[in-house]
Amino acid sequence: MGCREIRRMVSATIVSCSVLILGAGCAASPEDEAPAPEVDPRAENEAALNELLAKYLQAVNRGDADGLAVLYTEDAVRINANSRPIEGRDDIRLFAAADYADNDWDIQLHVDESDYSGDLAFVRGTYAITLTSKDDAAVVYQEVGKWMDLMRREEDGSWLIAREISNRDHPPGEAPEAPEEEG
């Protein structure tokens with residue numbers, strides 16, 4: 001390699017380094033960049049849990065056993081008043097399908113309390129259920145009560161129901177009491 005070729009290589013290297021140095025100098029410093037918006041984990045989790053409950057209501061009120069089952073973890077346990085625990089997503093789906101076979105459901109949920117820690121959250125509230133016959137639209141059952149769910153955040157960030165318990169506010173077979181009028 002001759003002197004001329006070496007000088008060209010050195011010149012090209014100097015020009016390349018100069019361009020890199022100038023480019024680095026023109027780049028915004030970390031102080032000049034807009035800070036990333038802070039994410040409030042409580043608000044983010046509340047929104048995700050509310051979305052899960054909305055999907056739950058939609059599935060139940062549509063009579064969609066498959067849509068309901070996917071909202072539970074594979075190892076979920078559902079405990080209803082006066083019945084054996086229902087264990088696993090598949091059994092929850094089968095139980096729901098049997099529930100939806102003859103009656104249309106109208107369930108309303110009210111959330112009284114929720115909190116989370118890490119990948120677990122709980123939600124507690126009250127419910128009201130009205131079942132109407134698919135045959136003649138007659139009301140066949142009404143129930144009011146309380147419920148609590150333990151949710152678990154999955155690896156993909158979604159929340160699913162891991163444990164669920166509910167209990168009616170009145171004896172089996174009796175109609176719920178009408179709420180007292182405030183006045």
# chains A, B, ... in the order shown; residues from 1 in each chain; ligands from 1

$ residues_around --residues "Leu94 (chain A)" --least-positions-apart "4" --cutoff "10 Å" --atoms "only C-alpha atoms" --output "number ranges by chain"
A: 65-66, 69, 86, 89-90, 98-100

$ write_last_selection --atoms "all heavy atoms" --output "tab-separated table (two decimals), in the first residue's frame"
chain	number	residue	atom	x	y	z
A	65	ALA	N	-71.27	-19.72	27.51
A	65	ALA	CA	-70.44	-20.52	28.44
A	65	ALA	C	-68.97	-20.52	28.02
A	65	ALA	O	-68.09	-20.47	28.88
A	65	ALA	CB	-70.97	-21.95	28.52
A	66	ASP	N	-68.70	-20.58	26.72
A	66	ASP	CA	-67.31	-20.56	26.26
A	66	ASP	C	-66.67	-19.21	26.54
A	66	ASP	O	-65.53	-19.14	26.99
A	66	ASP	CB	-67.23	-20.87	24.76
A	66	ASP	CG	-67.64	-22.30	24.44
A	66	ASP	OD1	-67.42	-23.19	25.28
A	66	ASP	OD2	-68.18	-22.53	23.34
A	69	ALA	N	-65.94	-19.07	30.27
A	69	ALA	CA	-64.86	-19.97	30.72
A	69	ALA	C	-63.48	-19.40	30.45
A	69	ALA	O	-62.57	-19.57	31.27
A	69	ALA	CB	-65.01	-21.34	30.07
A	86	ILE	N	-66.64	-25.96	41.99
A	86	ILE	CA	-66.44	-26.30	40.58
A	86	ILE	C	-64.99	-25.98	40.29
A	86	ILE	O	-64.55	-24.84	40.44
A	86	ILE	CB	-67.38	-25.47	39.68
A	86	ILE	CG1	-68.82	-25.65	40.14
A	86	ILE	CG2	-67.22	-25.88	38.23
A	86	ILE	CD1	-69.73	-24.54	39.66
A	89	ARG	N	-61.29	-24.73	34.49
A	89	ARG	CA	-61.97	-23.98	33.44
A	89	ARG	C	-62.99	-24.85	32.68
A	89	ARG	O	-64.10	-24.39	32.39
A	89	ARG	CB	-60.93	-23.43	32.47
A	89	ARG	CG	-61.53	-22.61	31.34
A	89	ARG	CD	-60.49	-22.16	30.35
A	89	ARG	NE	-59.68	-21.10	30.92
A	89	ARG	CZ	-58.52	-20.72	30.42
A	89	ARG	NH1	-58.02	-21.32	29.36
A	89	ARG	NH2	-57.85	-19.73	30.97
A	90	ASP	N	-62.64	-26.09	32.38
A	90	ASP	CA	-63.55	-26.95	31.62
A	90	ASP	C	-64.84	-27.24	32.39
A	90	ASP	O	-65.94	-27.19	31.83
A	90	ASP	CB	-62.87	-28.26	31.22
A	90	ASP	CG	-61.78	-28.05	30.18
A	90	ASP	OD1	-61.84	-27.04	29.45
A	90	ASP	OD2	-60.87	-28.89	30.11
A	98	ALA	N	-74.89	-25.68	31.31
A	98	ALA	CA	-76.11	-26.27	31.87
A	98	ALA	C	-77.02	-25.19	32.46
A	98	ALA	O	-78.24	-25.23	32.30
A	98	ALA	CB	-75.75	-27.30	32.95
A	99	ASP	N	-76.41	-24.18	33.11
A	99	ASP	CA	-77.19	-23.07	33.67
A	99	ASP	C	-77.90	-22.27	32.58
A	99	ASP	O	-79.01	-21.78	32.78
A	99	ASP	CB	-76.27	-22.10	34.43
A	99	ASP	CG	-76.10	-22.47	35.89
A	99	ASP	OD1	-76.75	-23.42	36.35
A	99	ASP	OD2	-75.31	-21.79	36.56
A	100	TYR	N	-77.27	-22.12	31.43
A	100	TYR	CA	-77.82	-21.28	30.37
A	100	TYR	C	-78.77	-22.05	29.44
A	100	TYR	O	-79.40	-21.44	28.58
A	100	TYR	CB	-76.69	-20.69	29.51
A	100	TYR	CG	-75.67	-19.89	30.28
A	100	TYR	CD1	-74.36	-19.82	29.83
A	100	TYR	CD2	-76.00	-19.20	31.44
A	100	TYR	CE1	-73.41	-19.09	30.52
A	100	TYR	CE2	-75.05	-18.47	32.14
A	100	TYR	CZ	-73.76	-18.41	31.67
A	100	TYR	OH	-72.82	-17.69	32.34

$ residues_around --residues "region 104-118 of chain A" --least-positions-apart "6" --cutoff "12 Å" --atoms "only C-alpha atoms" --output "PyMOL selection string"
chain A and resi 41-50+53-65+96-98+124-154+157+159+166

$ select_by_dssp --residues "region 48-132 of chain A" --states "strand (DSSP E or B)" --output "MDAnalysis selection string"
chainID A and resid 72:79 86:87 103:117 120:132

$ atom_distance --atom1 "CA of Glu164 (chain A)" --atom2 "CA of Val77 (chain A)"
6.4 Å

$ atom_distance --atom1 "CA of Val70 (chain A)" --atom2 "CA of Leu52 (chain A)"
10.6 Å

$ select_by_dssp --residues "region 22-144 of chain A" --states "alpha helix (DSSP H)" --output "MDAnalysis selection string"
chainID A and resid 22:26 41:62 65:69 89:100

$ atom_distance --atom1 "CA of Glu74 (chain A)" --atom2 "CA of Ala101 (chain A)"
23.2 Å

$ residues_around --residues "Arg78 (chain A)" --least-positions-apart "2" --cutoff "8 Å" --atoms "only C-alpha atoms" --output "ChimeraX atom specification"
/A:76,80,85-87,92,163-165

$ write_last_selection --atoms "N, CA and C atoms" --output "compact mmCIF listing (two decimals), in the first residue's frame"
# COMPACT_ATOMS: atom_id res chain seq x y z
N ALA A 76 -58.85 -22.59 37.97
CA ALA A 76 -59.81 -21.80 38.75
C ALA A 76 -60.73 -22.67 39.60
N ASN A 80 -70.06 -21.72 44.75
CA ASN A 80 -71.39 -21.13 44.84
C ASN A 80 -72.05 -21.61 46.13
N PRO A 85 -67.69 -27.20 45.15
CA PRO A 85 -66.82 -26.34 44.35
C PRO A 85 -66.72 -26.86 42.91
N ILE A 86 -66.64 -25.96 41.99
CA ILE A 86 -66.44 -26.30 40.58
C ILE A 86 -64.99 -25.98 40.29
N GLU A 87 -64.23 -27.00 39.90
CA GLU A 87 -62.79 -26.84 39.76
C GLU A 87 -62.35 -26.99 38.31
N ILE A 92 -66.09 -25.37 34.79
CA ILE A 92 -66.83 -24.11 34.88
C ILE A 92 -67.64 -23.89 33.60
N ARG A 163 -60.13 -17.57 41.62
CA ARG A 163 -61.02 -18.10 42.65
C ARG A 163 -62.24 -17.19 42.71
N GLU A 164 -63.40 -17.80 42.90
CA GLU A 164 -64.64 -17.03 42.96
C GLU A 164 -65.56 -17.65 44.00
N ILE A 165 -66.16 -16.81 44.79
CA ILE A 165 -67.11 -17.29 45.78
C ILE A 165 -68.29 -16.33 45.79
